[in-house]
>>> print(open('target16.csv').read())   # CSV, C-alpha atoms
chain,number,residue,atom,x,y,z
A,1220,MET,CA,32.6,-136.3,114.3
A,1221,LEU,CA,36.1,-137.0,115.8
A,1222,VAL,CA,38.9,-136.8,113.3
A,1223,THR,CA,42.5,-137.7,114.3
A,1224,ASN,CA,45.6,-139.1,112.7
A,1225,ILE,CA,46.5,-141.5,115.4
A,1226,GLU,CA,45.2,-145.1,115.5
A,1227,SER,CA,43.4,-144.9,118.8
A,1228,VAL,CA,41.5,-142.5,120.9
A,1229,PRO,CA,42.8,-142.1,124.4
A,1230,GLY,CA,40.3,-143.5,126.9
A,1231,ARG,CA,37.9,-144.9,124.4
A,1232,GLN,CA,37.5,-148.3,122.8
A,1233,ILE,CA,36.8,-149.0,119.2
A,1234,ARG,CA,33.6,-151.1,118.8
A,1235,LYS,CA,33.5,-151.5,115.1
A,1236,HIS,CA,35.7,-150.8,112.0
A,1237,LEU,CA,33.8,-149.6,109.0
A,1238,GLY,CA,36.7,-149.4,106.5
A,1239,LEU,CA,38.3,-146.8,104.5
A,1240,VAL,CA,36.6,-143.4,103.8
A,1241,GLN,CA,38.0,-140.8,101.5
A,1242,GLY,CA,37.3,-137.3,100.3
A,1243,SER,CA,39.0,-135.4,97.5
A,1244,THR,CA,38.8,-132.1,95.6
A,1245,VAL,CA,40.5,-130.9,92.5
A,1246,ARG,CA,41.3,-127.2,92.4
A,1247,ALA,CA,42.6,-124.9,89.7
A,1248,LYS,CA,44.7,-121.8,90.1
A,1249,HIS,CA,43.3,-118.3,89.8
A,1250,VAL,CA,44.7,-116.1,87.0
A,1251,GLY,CA,45.0,-113.0,89.3
A,1252,ARG,CA,46.7,-115.1,91.9
A,1253,ASP,CA,49.0,-116.6,89.3
A,1254,LEU,CA,50.1,-113.1,88.2
A,1255,MET,CA,51.0,-112.3,91.8
A,1256,ALA,CA,52.8,-115.6,92.0
A,1257,GLY,CA,54.8,-114.6,89.0
A,1258,PHE,CA,56.1,-111.5,90.9
A,1259,LYS,CA,56.8,-113.6,93.9
A,1260,ASN,CA,58.9,-115.8,91.8
A,1261,ILE,CA,61.3,-112.9,91.3
A,1262,PHE,CA,61.3,-111.6,94.9
A,1263,GLY,CA,60.7,-114.8,96.8
A,1264,GLY,CA,58.5,-115.2,99.9
A,1265,GLU,CA,55.2,-116.7,100.8
A,1266,LEU,CA,52.3,-116.9,98.3
A,1267,LYS,CA,49.5,-116.2,100.8
A,1268,GLY,CA,46.7,-116.6,98.2
A,1269,TYR,CA,47.9,-120.2,97.4
A,1270,SER,CA,48.3,-121.0,101.1
A,1271,GLU,CA,44.7,-120.1,101.8
A,1272,LEU,CA,43.4,-121.8,98.6
A,1273,LEU,CA,45.1,-125.0,99.5
A,1274,ARG,CA,44.0,-124.9,103.1
A,1275,ASP,CA,40.4,-124.3,102.2
A,1276,SER,CA,40.5,-127.1,99.6
A,1277,ARG,CA,41.9,-129.5,102.1
A,1278,GLN,CA,39.1,-128.6,104.5
A,1279,GLU,CA,36.7,-129.3,101.7
A,1280,ALA,CA,38.3,-132.7,101.2
A,1281,VAL,CA,38.1,-133.5,104.9
A,1282,SER,CA,34.4,-132.5,105.1
A,1283,ARG,CA,33.7,-134.8,102.1
A,1284,MET,CA,35.5,-137.6,103.9
A,1285,ILE,CA,33.4,-136.8,107.1
A,1286,GLN,CA,30.2,-137.0,105.0
A,1287,GLN,CA,31.1,-140.4,103.8
A,1288,ALA,CA,31.9,-141.5,107.3
A,1289,GLU,CA,28.6,-140.2,108.5
A,1290,ALA,CA,26.8,-142.1,105.8
A,1291,ALA,CA,28.5,-145.3,106.9
A,1292,GLY,CA,27.3,-144.6,110.5
A,1293,ALA,CA,30.7,-143.9,112.0
A,1294,ASN,CA,31.3,-141.5,114.8
A,1295,ALA,CA,35.0,-141.1,114.3
A,1296,VAL,CA,37.7,-141.2,111.6
A,1297,LEU,CA,41.1,-142.4,112.7
A,1298,ASN,CA,44.5,-142.5,111.1
A,1299,VAL,CA,43.8,-139.7,108.6
A,1300,ARG,CA,46.4,-139.1,105.9
A,1301,PHE,CA,46.6,-136.3,103.3
A,1302,SER,CA,48.0,-136.5,99.9
A,1303,THR,CA,48.5,-134.0,97.1
A,1304,SER,CA,49.0,-134.6,93.4
A,1305,SER,CA,49.2,-132.3,90.4
A,1306,ILE,CA,46.8,-133.5,87.7
A,1307,THR,CA,47.7,-131.1,85.0
A,1308,ALA,CA,49.6,-127.8,84.9
A,1309,GLY,CA,47.6,-125.5,87.1
A,1310,ALA,CA,45.4,-128.0,88.9
A,1311,ALA,CA,46.0,-130.1,92.0
A,1312,GLU,CA,44.1,-132.8,93.6
A,1313,LEU,CA,43.9,-132.7,97.4
A,1314,PHE,CA,43.0,-136.0,99.0
A,1315,ALA,CA,42.2,-137.1,102.5
A,1316,TYR,CA,41.6,-140.6,103.7
A,1317,GLY,CA,41.1,-142.5,106.9
A,1318,THR,CA,39.5,-145.4,108.7
A,1319,ALA,CA,35.9,-144.9,109.8
A,1320,VAL,CA,35.1,-146.5,113.2
A,1321,VAL,CA,32.4,-146.6,115.8
A,1322,LEU,CA,33.6,-145.6,119.2
A,1323,GLU,CA,31.8,-146.6,122.3
B,1364,MET,CA,72.4,-105.8,75.7
B,1365,ILE,CA,68.9,-104.9,76.9
B,1366,GLU,CA,68.3,-108.5,77.8
B,1367,ILE,CA,71.5,-108.7,79.8
B,1368,THR,CA,70.6,-105.5,81.7
B,1369,PHE,CA,67.1,-106.9,82.4
B,1370,LEU,CA,68.5,-110.2,83.7
B,1371,LEU,CA,71.0,-108.4,85.9
B,1372,MET,CA,68.2,-106.2,87.3
B,1373,LEU,CA,66.1,-109.3,88.1
B,1374,LEU,CA,69.1,-110.9,89.7
B,1375,ILE,CA,69.8,-107.9,91.9
B,1376,ALA,CA,66.1,-107.5,92.8
B,1377,GLY,CA,65.9,-111.2,93.7
B,1378,TYR,CA,69.1,-111.1,95.7
B,1379,GLY,CA,68.1,-108.0,97.7
B,1380,PHE,CA,64.5,-108.7,98.4
B,1381,GLY,CA,65.0,-112.4,98.8
B,1382,ARG,CA,67.8,-112.0,101.3
B,1383,TYR,CA,65.7,-109.4,103.3
B,1384,ALA,CA,62.6,-111.7,103.2
B,1385,GLU,CA,64.6,-114.7,104.4
B,1386,LYS,CA,66.2,-112.9,107.3
B,1387,SER,CA,63.0,-111.4,108.6
B,1388,HIS,CA,61.3,-114.7,108.1
B,1389,TYR,CA,63.9,-116.5,110.2
B,1390,ARG,CA,63.7,-113.9,112.9
B,1391,SER,CA,59.9,-114.3,113.1
B,1392,ILE,CA,60.2,-118.2,113.0
B,1393,ILE,CA,62.7,-118.2,115.9
B,1394,GLU,CA,60.5,-115.8,117.9
B,1395,ARG,CA,57.3,-117.8,117.4
B,1396,GLU,CA,59.1,-121.1,118.1
B,1397,GLN,CA,60.0,-119.8,121.5
B,1398,GLN,CA,56.4,-118.7,122.1
B,1399,LEU,CA,55.0,-122.0,121.2
B,1400,SER,CA,57.6,-124.2,122.8
B,1401,GLY,CA,55.0,-125.1,125.5
B,1402,ILE,CA,53.2,-127.4,123.0
B,1403,PRO,CA,55.6,-130.1,122.0
B,1404,ALA,CA,55.1,-131.7,118.6
B,1405,VAL,CA,55.6,-135.4,119.1
B,1406,LYS,CA,56.4,-137.9,116.4
B,1407,SER,CA,55.0,-140.8,118.5
B,1408,LYS,CA,51.9,-142.6,117.5
B,1409,ILE,CA,50.9,-143.8,120.9
B,1410,PRO,CA,49.2,-141.2,123.1
B,1411,PRO,CA,49.6,-141.3,126.9
B,1412,ALA,CA,47.1,-143.8,128.1
B,1413,ASP,CA,46.8,-142.7,131.7
B,1414,GLN,CA,45.0,-139.5,131.0
B,1415,ASN,CA,41.7,-138.6,129.3
B,1416,PHE,CA,42.3,-136.4,126.3
B,1417,GLN,CA,40.1,-135.1,123.6
B,1418,SER,CA,41.7,-135.4,120.3
B,1419,GLN,CA,41.4,-133.3,117.1
B,1420,LEU,CA,43.2,-133.1,113.8
B,1421,VAL,CA,45.2,-129.9,113.3
B,1422,THR,CA,47.0,-128.8,110.1
B,1423,GLY,CA,49.3,-126.0,109.1
B,1424,ASN,CA,50.4,-125.3,105.5
B,1425,VAL,CA,52.5,-122.7,103.7
B,1426,VAL,CA,53.3,-122.1,100.0
B,1427,ILE,CA,56.6,-120.5,99.6
B,1428,SER,CA,58.5,-119.3,96.5
B,1429,VAL,CA,62.2,-119.2,95.8
B,1430,ASP,CA,63.5,-115.8,94.4
B,1431,TYR,CA,65.1,-115.2,91.0
B,1432,PHE,CA,68.7,-115.0,92.2
B,1433,LYS,CA,68.5,-118.3,94.1
B,1434,ARG,CA,66.9,-120.0,91.2
B,1435,PHE,CA,69.7,-118.7,89.0
B,1436,ILE,CA,72.4,-120.0,91.4
B,1437,ALA,CA,70.6,-123.3,91.7
B,1438,GLY,CA,70.7,-123.6,87.9
B,1439,LEU,CA,74.4,-123.1,87.9
B,1440,ARG,CA,74.7,-125.6,90.8
B,1441,ASN,CA,73.0,-128.2,88.6
B,1442,LEU,CA,76.0,-128.2,86.3
B,1443,VAL,CA,78.6,-129.1,89.0
B,1444,GLY,CA,76.5,-130.9,91.6
B,1445,GLY,CA,76.8,-130.5,95.3
B,1446,SER,CA,74.5,-129.2,98.0
B,1447,MET,CA,72.0,-126.6,97.0
B,1448,ASN,CA,72.0,-124.1,99.8
B,1449,ALA,CA,69.4,-122.0,98.0
B,1450,TYR,CA,66.8,-124.7,98.2
B,1451,GLU,CA,67.9,-126.1,101.6
B,1452,SER,CA,67.0,-122.8,103.4
B,1453,LEU,CA,63.7,-122.6,101.4
B,1454,LEU,CA,62.6,-126.0,102.6
B,1455,ASP,CA,63.8,-125.5,106.1
B,1456,ARG,CA,61.8,-122.2,106.4
B,1457,ALA,CA,58.7,-123.8,104.9
B,1458,ARG,CA,58.8,-126.8,107.2
B,1459,ARG,CA,59.3,-124.8,110.3
B,1460,GLU,CA,56.6,-122.3,109.3
B,1461,ALA,CA,54.1,-125.2,108.6
B,1462,ILE,CA,54.8,-126.7,112.0
B,1463,LEU,CA,54.4,-123.3,113.7
B,1464,ARG,CA,51.0,-122.8,112.0
B,1465,MET,CA,49.9,-126.3,113.1
B,1466,LYS,CA,51.0,-125.5,116.7
B,1467,LYS,CA,49.2,-122.2,116.5
B,1468,GLU,CA,46.0,-124.0,115.7
B,1469,ALA,CA,46.6,-126.4,118.5
B,1470,GLU,CA,47.2,-123.5,120.9
B,1471,MET,CA,43.9,-122.0,120.0
B,1472,LEU,CA,42.2,-125.3,120.9
B,1473,GLY,CA,44.0,-125.3,124.2
B,1474,ALA,CA,46.0,-128.4,123.4
B,1475,GLU,CA,48.8,-129.8,125.4
B,1476,TYR,CA,50.6,-131.9,122.8
B,1477,VAL,CA,50.5,-132.5,119.1
B,1478,PHE,CA,50.9,-136.2,118.4
B,1479,ASN,CA,51.9,-138.2,115.3
B,1480,VAL,CA,53.2,-135.2,113.3
B,1481,LYS,CA,53.5,-135.9,109.6
B,1482,MET,CA,55.0,-133.7,106.9
B,1483,GLU,CA,54.2,-133.5,103.3
B,1484,THR,CA,55.9,-131.6,100.5
B,1485,SER,CA,54.4,-130.9,97.1
B,1486,ILE,CA,55.6,-128.9,94.1
B,1487,ILE,CA,53.1,-126.2,93.1
B,1488,SER,CA,54.6,-124.7,90.0
B,1489,ILE,CA,57.3,-125.7,87.7
B,1490,ASN,CA,58.4,-123.3,84.9
B,1491,ALA,CA,59.2,-124.1,81.3
B,1492,LYS,CA,62.8,-125.0,82.0
B,1493,GLY,CA,61.7,-127.5,84.7
B,1494,ASN,CA,63.0,-125.5,87.6
B,1495,VAL,CA,61.0,-125.6,90.8
B,1496,GLY,CA,59.2,-122.3,91.4
B,1497,SER,CA,57.2,-122.8,94.6
B,1498,ILE,CA,56.5,-125.6,97.0
B,1499,GLU,CA,53.8,-126.4,99.5
B,1500,MET,CA,54.6,-127.7,102.9
B,1501,LEU,CA,51.9,-129.3,105.0
B,1502,ALA,CA,52.3,-130.4,108.6
B,1503,TYR,CA,49.5,-132.2,110.4
B,1504,GLY,CA,49.0,-134.0,113.6
B,1505,THR,CA,46.5,-134.8,116.4
B,1506,ALA,CA,46.1,-132.2,119.1
B,1507,LEU,CA,45.5,-133.7,122.5
B,1508,ILE,CA,43.3,-131.4,124.6
B,1509,ARG,CA,42.7,-132.0,128.3
>>> encode(input="target16.csv", output="structure tokens")
Amino acid sequence: MLVTNIESVPGRQIRKHLGLVQGSTVRAKHVGRDLMAGFKNIFGGELKGYSELLRDSRQEAVSRMIQQAEAAGANAVLNVRFSTSSITAGAAELFAYGTAVVLE
Amino acid sequence: MIEITFLLMLLIAGYGFGRYAEKSHYRSIIEREQQLSGIPAVKSKIPPADQNFQSQLVTGNVVISVDYFKRFIAGLRNLVGGSMNAYESLLDRARREAILRMKKEAEMLGAEYVFNVKMETSIISINAKGNVGSIEMLAYGTALIR
């Protein structure tokens, strides 16, 4: 499955558009990590635990999007966008969406 | 009295560690930016049509927190207005770090360019007073691999 965020694939033609596909995941924070984040709020710096958590969750969202695209019979997802929104204090939704297409 | 001493200690700790962390972070950012300057991150949406490239999505993210001293200064700044240097450098560091991580992923794939780079900022934690604690910066684009 080819995933890009540009609208075309160099050297290949789009045969069919299959519409929007999306994947999302809602993740909550970890108490232990939150405690560390509290310390970091005094000293400043990167919160590695959160960086990893968000990266993994975003990958999860992308793989759900890919599953949906596969189910629709696509072989590529173009023009992918990410979006993040906080649902409640301590939880965030990570969302990925794109256009499923069939490439020749 | 104890409360004031505690506040002062937090401010001094924040100032010292925060300054040190920012300086060493900037050093490492500048060094890695030079190393990865061979892979340009391009804003353009249209890939070069004359060559055959493989394309793949690459992302880079970082969650970064502002220190106690800077948050305190920013709180004061809110009273009089003006530019918030404390947050400016925080966002600048986060953005450059995110782009570097994206480029690093592209480098591991053997990419030549990263096209259509997009940035996204989101607030991770806000404390009871409504001050921003930490932010997430995400950079993503399409790596073009020959």
>>> interface_residues(input="target16.csv", of="chain A", to="chain B", cutoff="7 Å", atoms="all atoms listed in the file", output="ChimeraX atom specification")
/A:1221-1225,1229-1230,1259-1266,1269-1270,1274,1303
>>> atom_distance(input="target16.csv", atom1="CA of Leu1239 in chain A", atom2="CA of Ala1319 in chain A")
6.1 Å
>>> atom_distance(input="target16.csv", atom1="CA of Leu1237 in chain A", atom2="CA of Val1320 in chain A")
5.4 Å
>>> closest_residue(input="target16.csv", among="A:Leu1272, A:Ala1280, A:Ile1233, A:Ile1285", to="Ala1315 in chain A", atoms="all atoms listed in the file")
A:Ala1280
>>> atom_distance(input="target16.csv", atom1="CA of Gln1241 in chain A", atom2="CA of Glu1312 in chain A")
12.8 Å
>>> residues_around(input="target16.csv", residues="Ala1288 in chain A", least_positions_apart="2", cutoff="12 Å", atoms="all atoms listed in the file", output="number ranges by chain")
A: 1220-1222, 1236-1242, 1281-1286, 1290-1297, 1316-1321
>>> closest_residue(input="target16.csv", among="B:Ile1392, B:Ile1402, B:Val1443, B:Ala1449", to="Gly1473 in chain B", atoms="only C-alpha atoms")
B:Ile1402
>>> closest_residue(input="target16.csv", among="A:Val1228, A:Gln1278, A:Arg1234, A:Ser1305", to="Leu1322 in chain A", atoms="only C-alpha atoms")
A:Arg1234
>>> decode(input="target16.csv", residues="range 1364-1375 of chain B", atoms="N, CA, C and O atoms", output="PDB file, in the first residue's frame")
ATOM      1  N   MET B1364       6.283  32.622  53.905  1.00  0.00           N
ATOM      2  CA  MET B1364       7.736  32.701  53.666  1.00  0.00           C
ATOM      3  C   MET B1364       8.247  31.431  52.976  1.00  0.00           C
ATOM      4  O   MET B1364       8.995  31.499  52.002  1.00  0.00           O
ATOM      5  N   ILE B1365       7.773  30.276  53.490  1.00  0.00           N
ATOM      6  CA  ILE B1365       8.197  29.005  52.887  1.00  0.00           C
ATOM      7  C   ILE B1365       7.739  28.939  51.434  1.00  0.00           C
ATOM      8  O   ILE B1365       8.477  28.500  50.551  1.00  0.00           O
ATOM      9  N   GLU B1366       6.543  29.447  51.209  1.00  0.00           N
ATOM     10  CA  GLU B1366       6.004  29.401  49.844  1.00  0.00           C
ATOM     11  C   GLU B1366       6.849  30.236  48.889  1.00  0.00           C
ATOM     12  O   GLU B1366       7.113  29.826  47.754  1.00  0.00           O
ATOM     13  N   ILE B1367       7.262  31.416  49.376  1.00  0.00           N
ATOM     14  CA  ILE B1367       8.079  32.291  48.522  1.00  0.00           C
ATOM     15  C   ILE B1367       9.427  31.642  48.227  1.00  0.00           C
ATOM     16  O   ILE B1367       9.904  31.651  47.089  1.00  0.00           O
ATOM     17  N   THR B1368      10.021  31.019  49.244  1.00  0.00           N
ATOM     18  CA  THR B1368      11.302  30.325  49.046  1.00  0.00           C
ATOM     19  C   THR B1368      11.137  29.201  48.024  1.00  0.00           C
ATOM     20  O   THR B1368      11.975  29.033  47.133  1.00  0.00           O
ATOM     21  N   PHE B1369      10.044  28.478  48.148  1.00  0.00           N
ATOM     22  CA  PHE B1369       9.784  27.362  47.226  1.00  0.00           C
ATOM     23  C   PHE B1369       9.632  27.873  45.797  1.00  0.00           C
ATOM     24  O   PHE B1369      10.217  27.322  44.855  1.00  0.00           O
ATOM     25  N   LEU B1370       8.890  28.960  45.657  1.00  0.00           N
ATOM     26  CA  LEU B1370       8.683  29.556  44.331  1.00  0.00           C
ATOM     27  C   LEU B1370      10.010  30.000  43.737  1.00  0.00           C
ATOM     28  O   LEU B1370      10.305  29.738  42.564  1.00  0.00           O
ATOM     29  N   LEU B1371      10.835  30.637  44.565  1.00  0.00           N
ATOM     30  CA  LEU B1371      12.140  31.104  44.092  1.00  0.00           C
ATOM     31  C   LEU B1371      13.017  29.934  43.670  1.00  0.00           C
ATOM     32  O   LEU B1371      13.682  29.987  42.632  1.00  0.00           O
ATOM     33  N   MET B1372      12.956  28.848  44.468  1.00  0.00           N
ATOM     34  CA  MET B1372      13.744  27.673  44.109  1.00  0.00           C
ATOM     35  C   MET B1372      13.313  27.102  42.774  1.00  0.00           C
ATOM     36  O   MET B1372      14.139  26.739  41.937  1.00  0.00           O
ATOM     37  N   LEU B1373      12.001  27.042  42.564  1.00  0.00           N
ATOM     38  CA  LEU B1373      11.477  26.531  41.292  1.00  0.00           C
ATOM     39  C   LEU B1373      11.925  27.421  40.135  1.00  0.00           C
ATOM     40  O   LEU B1373      12.310  26.942  39.070  1.00  0.00           O
ATOM     41  N   LEU B1374      11.875  28.751  40.379  1.00  0.00           N
ATOM     42  CA  LEU B1374      12.272  29.688  39.327  1.00  0.00           C
ATOM     43  C   LEU B1374      13.740  29.527  38.972  1.00  0.00           C
ATOM     44  O   LEU B1374      14.109  29.487  37.795  1.00  0.00           O
ATOM     45  N   ILE B1375      14.574  29.400  40.006  1.00  0.00           N
ATOM     46  CA  ILE B1375      16.014  29.265  39.757  1.00  0.00           C
ATOM     47  C   ILE B1375      16.303  27.945  39.045  1.00  0.00           C
ATOM     48  O   ILE B1375      17.057  27.902  38.067  1.00  0.00           O
TER      49      ILE B1375
END
